[in-house]
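The next block is coords34.cif, given as mmCIF, C-alpha atoms.
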data_model
#
loop_
_atom_site.label_atom_id
_atom_site.label_comp_id
_atom_site.auth_asym_id
_atom_site.auth_seq_id
_atom_site.Cartn_x
_atom_site.Cartn_y
_atom_site.Cartn_z
CA MET Z 683 28.23 4.24 -0.88
CA TYR Z 684 28.27 3.19 2.77
CA ILE Z 685 31.45 3.05 4.83
CA GLU Z 686 30.93 0.46 7.55
CA SER Z 687 33.07 0.97 10.64
CA VAL Z 688 35.36 -1.78 11.87
CA VAL Z 689 33.54 -2.70 15.08
CA SER Z 690 33.77 -5.95 16.98
CA ILE Z 691 30.52 -7.85 17.41
CA LYS Z 692 28.41 -6.22 20.10
CA LYS Z 693 25.40 -7.31 22.08
CA ILE Z 694 22.87 -4.48 21.80
CA LEU Z 695 19.50 -3.93 23.49
CA ILE Z 696 16.96 -1.54 21.97
CA ILE Z 697 14.02 -0.28 24.05
CA THR Z 698 11.16 0.71 21.75
CA SER Z 699 7.36 1.02 21.78
CA ASN Z 700 5.14 -1.52 20.00
CA TYR Z 701 7.32 -3.89 18.00
CA LEU Z 702 6.88 -7.01 15.91
CA PRO Z 703 4.53 -8.53 14.90
CA ASN Z 704 2.35 -5.37 15.12
CA PRO Z 705 4.78 -2.44 15.25
CA SER Z 706 3.96 1.21 15.78
CA ALA Z 707 5.65 3.83 13.57
CA ASN Z 708 8.65 3.88 15.94
CA GLY Z 709 8.60 0.10 16.01
CA ILE Z 710 8.86 0.03 12.22
CA ASN Z 711 11.85 2.38 12.36
CA THR Z 712 13.42 0.21 15.06
CA ASN Z 713 13.00 -2.89 12.92
CA TYR Z 714 14.97 -1.36 10.05
CA ILE Z 715 17.84 -0.58 12.46
CA VAL Z 716 17.66 -4.01 14.10
CA ASN Z 717 17.86 -5.77 10.74
CA GLU Z 718 20.87 -3.71 9.63
CA LEU Z 719 22.71 -4.26 12.93
CA LYS Z 720 22.09 -8.00 12.62
CA ARG Z 721 23.23 -7.96 8.99
CA ARG Z 722 26.55 -6.61 10.24
CA GLY Z 723 26.85 -9.42 12.76
CA HIS Z 724 25.71 -7.74 15.97
CA ILE Z 725 23.45 -9.54 18.45
CA VAL Z 726 20.28 -7.55 19.06
CA HIS Z 727 17.53 -7.89 21.68
CA CYS Z 728 14.45 -5.67 22.08
CA ILE Z 729 12.15 -4.51 24.86
CA SER Z 730 8.73 -3.44 23.60
CA ILE Z 731 5.23 -2.69 24.82
CA LYS Z 732 2.81 -5.58 24.75
CA ARG Z 733 -0.30 -5.43 22.63
CA GLN Z 734 -3.37 -7.54 23.27
CA ASN Z 735 -2.79 -11.26 22.50
CA GLU Z 736 1.01 -10.83 22.54
CA GLY Z 737 3.15 -12.81 24.96
CA SER Z 738 5.74 -11.52 27.42
CA PHE Z 739 8.56 -13.08 25.40
CA GLU Z 740 8.93 -14.15 21.81
CA ILE Z 741 11.67 -14.65 19.24
CA ILE Z 742 10.71 -13.20 15.86
CA GLU Z 743 13.05 -13.26 12.86
CA GLY Z 744 15.83 -14.33 15.23
CA THR Z 745 15.38 -11.33 17.56
CA PRO Z 746 14.49 -11.95 21.23
CA ILE Z 747 11.63 -9.60 22.15
CA TYR Z 748 10.78 -8.95 25.80
CA ARG Z 749 7.43 -7.25 26.33
CA ILE Z 750 6.08 -5.14 29.17
CA SER Z 751 2.43 -4.26 29.73
CA PRO Z 752 1.27 -0.83 28.53
CA SER Z 753 0.53 2.02 30.91
CA LEU Z 754 -2.78 2.19 32.72
CA TYR Z 755 -3.82 5.24 30.70
CA THR Z 756 -3.07 3.45 27.41
CA ASN Z 757 -5.22 0.53 28.53
CA LEU Z 758 -8.06 2.91 29.37
CA ILE Z 759 -7.85 4.63 25.97
CA ASN Z 760 -7.91 1.26 24.20
CA LYS Z 761 -10.86 0.13 26.28
CA GLU Z 762 -12.75 3.34 25.60
CA GLN Z 763 -12.45 2.80 21.86
CA LYS Z 764 -13.93 -0.68 22.13
CA VAL Z 765 -16.78 -0.36 24.64
CA LYS Z 766 -20.29 0.67 23.76
CA LYS Z 767 -21.01 4.36 24.29
CA ASN Z 768 -23.58 5.00 27.00
CA PHE Z 769 -24.09 7.37 29.91
CA PHE Z 770 -22.23 5.21 32.44
CA ASN Z 771 -19.18 4.68 30.20
CA THR Z 772 -19.06 8.37 29.25
CA VAL Z 773 -19.03 9.41 32.90
CA PHE Z 774 -16.48 6.72 33.82
CA PHE Z 775 -13.94 7.71 31.19
CA LYS Z 776 -14.43 11.41 31.87
CA LEU Z 777 -13.68 10.73 35.53
CA CYS Z 778 -10.54 8.83 34.52
CA ARG Z 779 -9.35 11.84 32.53
CA ILE Z 780 -9.96 14.15 35.47
CA LEU Z 781 -7.96 11.84 37.74
CA ARG Z 782 -5.14 11.74 35.19
CA LEU Z 783 -5.14 15.51 35.00
CA LEU Z 784 -4.80 15.69 38.79
CA LYS Z 785 -1.91 13.22 38.58
CA LEU Z 786 -0.16 15.35 35.95
CA MET Z 787 -0.54 18.40 38.15
CA LEU Z 788 0.93 16.58 41.16
CA LEU Z 789 3.84 15.26 39.07
CA ILE Z 790 4.52 18.48 37.18
CA TYR Z 791 8.04 18.61 38.63
CA LYS Z 792 8.73 15.27 36.91
CA PHE Z 793 7.45 16.33 33.48
CA PRO Z 794 8.02 14.94 30.84
CA ASN Z 795 8.53 11.74 32.89
CA ASN Z 796 4.97 11.80 34.18
CA ASP Z 797 4.40 8.04 34.04
CA ILE Z 798 6.54 6.92 36.96
CA LEU Z 799 5.10 3.40 37.09
CA GLN Z 800 5.79 2.76 33.39
CA SER Z 801 9.34 4.07 33.75
CA LYS Z 802 9.93 1.76 36.72
CA LYS Z 803 8.44 -1.19 34.87
CA THR Z 804 10.72 -0.55 31.88
CA TYR Z 805 13.79 -0.14 34.08
CA ASN Z 806 13.10 -3.36 35.99
CA LYS Z 807 12.81 -5.31 32.75
CA LEU Z 808 16.02 -3.72 31.41
CA LYS Z 809 17.89 -4.49 34.63
CA SER Z 810 16.79 -8.13 34.79
CA ILE Z 811 17.64 -8.84 31.13
CA HIS Z 812 21.04 -7.16 31.42
CA GLN Z 813 21.95 -9.26 34.47
CA LYS Z 814 21.55 -12.32 32.26
CA GLU Z 815 22.72 -11.10 28.84
CA LYS Z 816 25.41 -8.49 29.72
CA PHE Z 817 24.82 -5.97 26.93
CA ASP Z 818 27.57 -3.77 25.49
CA CYS Z 819 25.17 -1.04 24.40
CA VAL Z 820 21.59 -0.02 25.25
CA ILE Z 821 19.56 2.30 23.01
CA GLY Z 822 16.33 3.87 24.31
CA VAL Z 823 13.86 5.05 21.66
CA PHE Z 824 11.55 8.00 22.38
CA LYS Z 825 8.46 7.68 22.44
CA PRO Z 826 7.40 6.85 25.13
CA TYR Z 827 9.51 8.97 27.47
CA ALA Z 828 9.49 6.09 29.98
CA ASN Z 829 12.13 4.44 27.75
CA ILE Z 830 14.46 7.43 28.18
CA ALA Z 831 13.81 7.68 31.93
CA ALA Z 832 14.63 3.98 32.38
CA LEU Z 833 17.78 4.35 30.25
CA ILE Z 834 19.06 7.26 32.39
CA LYS Z 835 18.58 5.31 35.60
CA PHE Z 836 20.28 2.28 34.07
CA LYS Z 837 23.25 4.38 32.93
CA LYS Z 838 23.66 5.81 36.43
CA GLU Z 839 23.97 2.30 37.86
CA ASN Z 840 25.98 0.89 34.93
CA PRO Z 841 28.42 3.66 33.89
CA ASN Z 842 30.55 1.30 31.79
CA ILE Z 843 27.70 0.33 29.46
CA ILE Z 844 27.31 2.52 26.35
CA CYS Z 845 23.87 4.15 26.47
CA ALA Z 846 22.24 6.13 23.68
CA ALA Z 847 18.97 8.06 23.40
CA TYR Z 848 17.25 7.81 20.00
CA TYR Z 849 14.78 10.63 19.20
CA LEU Z 850 12.85 10.12 15.97
CA ASP Z 851 10.16 12.35 17.48
CA LEU Z 852 11.28 15.60 19.05
CA ILE Z 853 10.58 16.16 22.71
CA ASN Z 854 8.14 18.97 21.84
CA SER Z 855 5.82 16.33 20.36
CA ILE Z 856 4.77 15.55 23.95
CA LYS Z 857 1.39 17.24 24.26
CA LYS Z 858 1.44 20.23 26.58
CA PRO Z 859 -0.97 19.80 29.50
CA TYR Z 860 -3.55 22.54 28.98
CA PHE Z 861 -3.06 23.90 32.51
CA MET Z 862 0.68 24.40 31.92
CA PRO Z 863 1.83 27.86 30.73
CA SER Z 864 3.62 27.71 27.36
CA GLY Z 865 6.75 29.38 28.72
CA PHE Z 866 7.02 26.90 31.58
CA TYR Z 867 6.38 24.00 29.16
CA LYS Z 868 9.29 25.06 26.93
CA LYS Z 869 11.56 25.66 29.92
CA ILE Z 870 10.91 22.26 31.49
CA LEU Z 871 11.39 20.45 28.16
CA TYR Z 872 14.71 22.25 27.69
CA LYS Z 873 15.79 21.27 31.19
CA GLY Z 874 14.82 17.65 30.48
CA ASP Z 875 16.80 17.64 27.23
CA ILE Z 876 19.97 18.99 28.85
CA GLU Z 877 19.81 16.52 31.74
CA THR Z 878 19.19 13.57 29.39
CA PHE Z 879 21.90 14.44 26.86
CA LYS Z 880 24.47 14.96 29.61
CA LYS Z 881 23.76 11.59 31.20
CA VAL Z 882 23.77 9.39 28.09
CA ASP Z 883 26.85 8.70 25.97
CA PHE Z 884 25.36 9.95 22.72
CA THR Z 885 22.03 11.02 21.25
CA LEU Z 886 20.59 10.27 17.83
CA LEU Z 887 18.34 13.22 17.12
CA ALA Z 888 15.81 13.74 14.34
CA LYS Z 889 17.20 15.98 11.62
CA GLY Z 890 14.04 18.10 11.87
CA GLY Z 891 15.28 19.43 15.22
CA LYS Z 892 18.56 20.82 13.88
CA SER Z 893 17.23 24.38 13.74
CA VAL Z 894 16.33 24.11 17.44
CA TYR Z 895 19.32 22.25 18.84
CA ASP Z 896 21.92 24.23 16.91
CA GLY Z 897 21.04 27.21 19.10
CA GLY Z 898 23.66 28.52 21.51
CA LYS Z 899 21.89 27.30 24.64
CA TYR Z 900 22.64 23.71 23.62
CA ASP Z 901 26.41 24.25 23.27
CA CYS Z 902 27.05 22.31 26.49
CA ILE Z 903 25.78 19.05 25.00
CA ARG Z 904 26.42 19.57 21.27
CA GLU Z 905 29.18 16.96 21.09
CA LYS Z 906 26.69 14.34 22.29
CA ILE Z 907 24.36 14.87 19.29
CA ASP Z 908 24.30 13.13 15.92
CA TYR Z 909 21.54 14.21 13.55
CA ILE Z 910 19.81 11.36 11.80
CA ASP Z 911 16.81 10.95 9.53
CA PHE Z 912 14.13 8.29 9.35
CA PRO Z 913 15.80 5.03 8.23
CA THR Z 914 12.78 3.68 6.37
CA PHE Z 915 13.75 4.05 2.72
CA ARG Z 916 13.97 0.70 1.01
CA GLU Z 917 13.45 -0.52 -2.50
CA VAL Z 918 9.92 -1.91 -2.67
CA THR Z 919 9.01 -3.77 -5.83
CA MET Z 920 5.93 -5.72 -6.79
CA ASP Z 921 6.11 -9.46 -6.33
CA THR Z 922 4.87 -11.57 -9.22
CA ASN Z 923 2.15 -12.80 -6.86
CA THR Z 924 0.97 -9.23 -6.11
CA PRO Z 925 -1.48 -8.41 -8.91
CA LYS Z 926 -2.40 -4.80 -9.54
CA ILE Z 927 -6.02 -3.92 -8.79
CA GLN Z 928 -7.89 -3.87 -12.08
CA GLY Z 929 -10.93 -1.72 -12.86
CA GLN Z 930 -12.09 1.70 -13.97
CA SER Z 931 -11.74 3.29 -10.52
CA ILE Z 932 -8.69 5.30 -9.54
CA VAL Z 933 -7.22 3.56 -6.49
CA LEU Z 934 -5.69 5.77 -3.80
CA MET Z 935 -4.07 4.60 -0.57
CA TYR Z 936 -3.23 6.21 2.78
CA ALA Z 937 -1.40 4.58 5.71
CA GLY Z 938 -0.95 6.22 9.10
CA THR Z 939 -2.75 7.95 11.94
CA LEU Z 940 -5.60 10.36 11.26
CA ASP Z 941 -6.38 13.02 13.85
CA ARG Z 942 -8.94 15.84 13.88
CA GLU Z 943 -6.40 18.23 15.40
CA TYR Z 944 -3.08 17.63 13.64
CA ARG Z 945 -3.76 15.32 10.65
CA ASN Z 946 -7.28 15.94 9.45
CA PRO Z 947 -8.30 14.51 6.03
CA ARG Z 948 -11.39 16.71 5.52
CA TYR Z 949 -9.83 19.16 3.02
CA LEU Z 950 -8.49 16.31 0.87
CA LEU Z 951 -11.82 14.47 0.94
CA GLU Z 952 -13.64 17.66 -0.06
CA CYS Z 953 -11.37 17.90 -3.11
CA LEU Z 954 -11.73 14.23 -4.05
CA ARG Z 955 -15.52 14.33 -3.80
CA ALA Z 956 -15.63 17.37 -6.09
CA LEU Z 957 -13.74 15.52 -8.85
CA ASN Z 958 -16.80 13.45 -9.76
CA LYS Z 959 -14.56 10.52 -10.69
CA ASP Z 960 -14.83 6.91 -9.55
CA ILE Z 961 -12.26 6.84 -6.75
CA GLU Z 962 -11.49 4.14 -4.22
CA LEU Z 963 -9.56 5.37 -1.18
CA ASN Z 964 -8.11 2.64 1.06
CA ILE Z 965 -7.09 3.79 4.55
CA TYR Z 966 -4.86 1.80 6.92
CA GLY Z 967 -4.22 2.86 10.50
CA GLN Z 968 -6.02 4.30 13.47
CA GLY Z 969 -7.29 7.67 14.65
CA ASN Z 970 -10.41 9.62 15.57
CA CYS Z 971 -11.71 10.62 12.12
CA GLU Z 972 -14.18 7.76 11.49
CA GLU Z 973 -17.17 10.11 11.33
CA ILE Z 974 -15.41 12.33 8.78
CA LEU Z 975 -14.61 9.31 6.60
CA GLN Z 976 -18.21 8.10 6.76
CA GLU Z 977 -19.47 11.56 5.86
CA TYR Z 978 -17.55 11.63 2.57
CA SER Z 979 -17.81 7.96 1.56
CA ARG Z 980 -20.70 8.15 -0.88
CA GLY Z 981 -21.40 8.59 -4.56
CA THR Z 982 -18.30 8.29 -6.73
CA LEU Z 983 -15.94 8.40 -3.71
CA LYS Z 984 -15.66 5.02 -1.97
CA ILE Z 985 -13.64 5.05 1.28
CA VAL Z 986 -12.59 1.74 2.84
CA ASN Z 987 -11.21 2.03 6.37
CA HIS Z 988 -9.18 -1.14 7.01
CA GLY Z 989 -7.97 -0.12 10.48
CA ARG Z 990 -4.65 -1.33 11.86
CA VAL Z 991 -3.08 -4.11 9.79
CA SER Z 992 0.36 -5.68 9.40
CA GLN Z 993 3.17 -3.85 7.61
CA ASP Z 994 3.18 -6.50 4.87
CA ILE Z 995 -0.45 -5.73 4.03
CA VAL Z 996 0.32 -1.98 3.92
CA ILE Z 997 3.25 -2.49 1.52
CA LYS Z 998 1.17 -4.78 -0.70
CA SER Z 999 -1.60 -2.17 -0.86
CA MET Z 1000 0.94 0.54 -1.78
CA LEU Z 1001 2.14 -1.52 -4.72
CA GLN Z 1002 -1.40 -2.30 -5.91
CA SER Z 1003 -2.58 1.33 -5.81
CA ASP Z 1004 -2.43 3.96 -8.53
CA PHE Z 1005 -1.54 6.81 -6.16
CA LEU Z 1006 -0.30 7.12 -2.58
CA ILE Z 1007 -1.57 9.77 -0.16
CA ASN Z 1008 0.45 11.65 2.45
CA ILE Z 1009 -1.25 13.91 4.98
CA SER Z 1010 1.39 16.07 6.60
CA ASN Z 1011 1.59 16.83 10.30
CA LYS Z 1012 0.60 20.13 11.91
CA ILE Z 1013 3.10 19.51 14.72
CA GLN Z 1014 6.11 21.77 14.15
CA ASN Z 1015 9.24 20.06 12.77
CA ALA Z 1016 7.53 16.65 12.66
CA VAL Z 1017 8.29 14.35 9.72
CA PRO Z 1018 6.15 11.22 9.19
CA SER Z 1019 8.52 8.29 8.72
CA LYS Z 1020 6.15 6.55 6.32
CA ILE Z 1021 6.93 9.01 3.49
CA PHE Z 1022 10.28 7.29 2.90
CA GLU Z 1023 8.59 3.92 2.50
CA MET Z 1024 6.31 5.62 -0.01
CA PHE Z 1025 9.34 6.96 -1.89
CA GLY Z 1026 10.68 3.41 -2.09
CA THR Z 1027 7.73 2.34 -4.26
CA GLY Z 1028 8.27 4.83 -7.09
CA LYS Z 1029 4.50 5.52 -7.10
CA PRO Z 1030 2.95 8.96 -7.76
CA ILE Z 1031 2.11 10.75 -4.48
CA ILE Z 1032 -0.56 13.26 -3.52
CA ASN Z 1033 0.71 15.32 -0.57
CA LEU Z 1034 -1.67 17.32 1.64
CA SER Z 1035 0.18 20.22 3.30
CA PHE Z 1036 -1.07 22.45 6.14
CA SER Z 1037 1.72 25.03 6.23
CA LYS Z 1038 3.98 26.96 3.86
CA SER Z 1039 6.87 26.13 6.21
CA ASP Z 1040 6.12 22.38 6.24
CA ILE Z 1041 9.48 20.70 6.88
CA THR Z 1042 8.57 17.68 4.75
CA GLN Z 1043 8.52 19.79 1.58
CA GLU Z 1044 12.30 19.50 1.20
CA TYR Z 1045 11.88 15.74 0.86
CA PHE Z 1046 8.97 15.88 -1.59
CA ASP Z 1047 10.89 18.37 -3.73
CA LYS Z 1048 13.40 15.58 -4.44
CA TYR Z 1049 10.76 13.03 -5.49
CA PRO Z 1050 9.92 12.76 -9.21
CA SER Z 1051 6.11 12.59 -8.99
CA VAL Z 1052 4.30 14.67 -6.36
CA LEU Z 1053 1.18 16.82 -6.35
CA ASN Z 1054 1.14 19.23 -3.39
CA ILE Z 1055 -2.34 20.18 -2.20
CA ASN Z 1056 -2.18 23.32 -0.07
CA THR Z 1057 -4.94 23.63 2.53
CA TRP Z 1058 -4.56 27.42 2.77
CA GLU Z 1059 -5.85 27.74 -0.80
CA ASN Z 1060 -9.47 27.50 -1.90
CA THR Z 1061 -10.49 23.96 -2.84
CA ASP Z 1062 -11.74 25.20 -6.22
CA THR Z 1063 -8.17 26.05 -7.22
CA GLN Z 1064 -7.03 22.50 -6.43
CA ILE Z 1065 -9.52 20.59 -8.57
CA PRO Z 1066 -7.93 21.25 -12.03
CA LYS Z 1067 -4.46 20.39 -10.66
CA ILE Z 1068 -5.70 17.11 -9.20
CA ILE Z 1069 -7.53 16.09 -12.38
CA ASN Z 1070 -4.46 16.84 -14.50
CA PHE Z 1071 -2.17 14.90 -12.11
CA LEU Z 1072 -4.45 11.86 -12.04
CA ASN Z 1073 -4.73 11.81 -15.84
CA GLU Z 1074 -0.99 12.21 -16.48
CA GLU Z 1075 0.45 10.01 -13.72
CA LYS Z 1076 -1.92 7.04 -13.46
CA GLY Z 1077 -0.11 3.80 -14.19
CA LYS Z 1078 3.39 5.25 -13.84
CA THR Z 1079 6.15 3.89 -11.58
CA TYR Z 1080 9.48 5.71 -11.36
CA ASN Z 1081 12.96 4.14 -11.15
CA ILE Z 1082 13.65 3.33 -7.51
CA LEU Z 1083 17.44 3.18 -7.86
CA ASP Z 1084 17.46 6.73 -9.23
CA ILE Z 1085 15.24 7.87 -6.34
CA LYS Z 1086 17.46 6.19 -3.74
CA LYS Z 1087 20.43 8.36 -4.70
CA ASP Z 1088 18.62 11.37 -3.24
CA PHE Z 1089 17.65 9.60 0.02
CA ILE Z 1090 20.88 7.97 1.23
CA GLU Z 1091 20.45 9.50 4.71
CA ASN Z 1092 17.09 7.76 4.96
CA THR Z 1093 18.54 4.27 4.64
CA PRO Z 1094 19.18 2.12 7.74
CA GLU Z 1095 22.81 1.74 6.62
CA TYR Z 1096 23.41 5.45 7.16
CA THR Z 1097 22.11 5.47 10.75
CA VAL Z 1098 23.89 2.24 11.69
CA ASP Z 1099 27.15 3.72 10.38
CA ILE Z 1100 26.73 6.49 12.98
CA ILE Z 1101 25.89 4.02 15.76
CA GLU Z 1102 28.99 1.94 14.98
CA ARG Z 1103 31.18 5.02 14.78
CA ARG Z 1104 29.99 6.12 18.21
CA ILE Z 1105 30.52 2.66 19.69
CA ASN Z 1106 33.95 2.54 18.12
CA SER Z 1107 34.87 5.86 19.75
CA PHE Z 1108 34.44 4.30 23.20
CA GLN Z 1109 36.75 1.43 22.25
CA SER Z 1110 39.62 3.72 21.27
#
Entire entry expressed as structure tokens:
Amino acid sequence: MYIESVVSIKKILIITSNYLPNPSANGINTNYIVNELKRRGHIVHCISIKRQNEGSFEIIEGTPIYRISPSLYTNLINKEQKVKKNFFNTVFFKLCRILRLLKLMLLIYKFPNNDILQSKKTYNKLKSIHQKEKFDCVIGVFKPYANIAALIKFKKENPNIICAAYYLDLINSIKKPYFMPSGFYKKILYKGDIETFKKVDFTLLAKGGKSVYDGGKYDCIREKIDYIDFPTFREVTMDTNTPKIQGQSIVLMYAGTLDREYRNPRYLLECLRALNKDIELNIYGQGNCEEILQEYSRGTLKIVNHGRVSQDIVIKSMLQSDFLINISNKIQNAVPSKIFEMFGTGKPIINLSFSKSDITQEYFDKYPSVLNINTWENTDTQIPKIINFLNEEKGKTYNILDIKKDFIENTPEYTVDIIERRINSFQS
């Protein structure tokens, strides 16, 4: 049961990363919150980062979306992935990385706000829209940190506007520059947290950080914190026009980023190849593991890398598949938001875990059909478990309403209740 606060209609601006029609993971989370706020009658606008072929302004599903260009470094990374590899391009992009490293060293006193131009660009857009729309509340979503930096500056100049920082990723997910000592890195992140939390009116903080932020050194800003979880659980059912894939193959599906360092699929692929079963693995998303996927896509294991696609296509593929795949994150206290969308399908899930202290395990323990594959064990010990799971669970779908009872905190209603309660506290 949800208890919606009695809050007058508010005009709210949310600053996020990539949003509709091609949202990033944070953009997907933002969309769930936007839709719930609008359902309750609030007026919501968004600032997002522009992808290629997207305009500077667009209204999608009734939400005005104002877009700013991505950072120079993001543009360079995107360009590097598209251009042909040759000696000149290799040298050029290596030089760009060296220049960026020098910039980070010069701006170390600003860390984690090391993209000053992007922060300024975001702030200028926020300021110009507010002058026209007069928002009651502004919510800045991390990542990128430029959103938080712009929000803090805006709050300083507009003290009467309710401003909130929304951390679905913890601040320690910002990659440590390799030249920076670990102790200094932790100290400067702590300093940034304290300064941010003091300056905003309230902070929505990922539940995974509770063990960190409940420590005594955060007592001075504890009243500013509300712990939230990913708001992406929803009941996903198959449309009558969404036929299930027919055939003898076992159809598996993975959606999300793959990364050689923190989300590497090699162990899972080694296990799947050893099964000697006809398996089709559909992968949606981006990353740097293309060579690994090509290495294992042969014989009875067919891997289809679809790249980045719309959220509708991802959901449709989930519903058509026999099993869903989750590859957990090696980053400490990080929870992939997509697992709650997976739970909303009722489909059997194969979960690849890299650590015995993996924080996502508490969520999978509540789900009715999960096979945990532990990468610290020998692959030979995994094969019988996988075969048994595939044989027993293929074709099953579990009751979504029963599942939802265990994931109330992962619904958008739960997070919006907290937002409204906080807004209401400033009206009293």
Problem set entry | Residues matched by the PyMOL selection byres ((chain Z and resi 726) around 10) as a PyMOL selection string | chain Z and resi 692-696+715-717+719-720+723-725+727-728+744-747+817+819-820
Exercise. Mind telling me what the PyMOL selection byres ((chain Z and resi 732) around 7) catches here, as a count of residues only?
Worked result: 10
Stretch 1039-1082 of chain Z residues near stretch 1088-1108 of chain Z within 10 Å, closest pair each, using only C-alpha atoms, as JSON lines:
{"residue": "Z:Tyr1045", "atom": "CA", "partner": "Z:Phe1089", "partner_atom": "CA", "distance": 8.5}
{"residue": "Z:Lys1048", "atom": "CA", "partner": "Z:Asp1088", "partner_atom": "CA", "distance": 6.8}
{"residue": "Z:Tyr1049", "atom": "CA", "partner": "Z:Asp1088", "partner_atom": "CA", "distance": 8.3}
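When all atoms listed in the file are used to measure the gap to Z:Lys899, the shortest distance among Z:Tyr966, Z:Tyr872, Z:Phe915, Z:Tyr944 belongs to Z:Tyr872.
Considering all atoms listed in the file, the residue among Z:Val1017, Z:Leu850, Z:Val882, Z:Leu983 positioned nearest to Z:Cys953 is Z:Leu983.
Picture a line from atom CA of Z:Lys1087 to atom CA of Z:Tyr936; it runs 24.9 Å.
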For this session: Determine, counting only C-alpha atoms, which protein, DNA and RNA residues have an atom within 7 Å of an atom of Z:Ala888; residues of the same chain fewer than 2 positions away are not included. Present the result as a PyMOL selection string.
Result: chain Z and resi 849-852+886+890-891+909-911
For this session: Step by step: start from the point (13.6, 22.9, 4.6) in the file's coordinates, keep every protein, DNA or RNA residue that has an atom no farther than 12 Å from it, count all atoms listed in the file, and write the set as a ChimeraX atom specification.
Result: /Z:889-893,1015-1017,1038-1048
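Minimum atom-to-atom distances from Z:Pro863, Z:Pro1050, Z:Gly1026, Z:Pro703 to Z:Glu917 were compared using all atoms listed in the file, and the lowest value belongs to Z:Gly1026.
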For this session: In the coordinates of the file, take the point (-5.0, 6.7, 2.8) and a cut-off of 6 Å; then, counting all atoms listed in the file, name each qualifying protein, DNA or RNA residue as a ChimeraX atom specification.
Result: /Z:935-937,964-965,1007
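Among the candidate residues Z:Tyr848, Z:Leu758, Z:Glu952, Z:Ala828, the one lying nearest to Z:Lys906 is Z:Tyr848, with distances computed using all atoms listed in the file.
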Problem set entry | Output check: residues returned by the PyMOL selection byres ((chain Z and resi 784-800) around 8), as a ChimeraX atom specification | /Z:752-753,780-783,801-804,827-828,831,856,859,870-871,874
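From atom CA of Z:Lys1020 back to atom CA of Z:Thr712, the distance works out to 13.0 Å.
Distance check against Z:Met1024 using all atoms listed in the file: of Z:Asn1054, Z:Glu1074, Z:Cys971, Z:Tyr1080, the minimum falls on Z:Tyr1080.
For the pair atom CA of Z:His812 and atom CA of Z:Thr914, the interatomic distance is 28.5 Å.
Comparing Z:Leu777, Z:Ile907, Z:Ile1082, Z:Leu934 by their smallest distance to Z:Gln1002, the closest is Z:Leu934 (using only C-alpha atoms).
Within the 10 Å cut-off around Z:Glu943, using only C-alpha atoms and omitting residues fewer than 6 positions from it on the same chain, the listed residues are Asn970, Cys971, Asn1011, Lys1012 and Ile1013 of chain Z.
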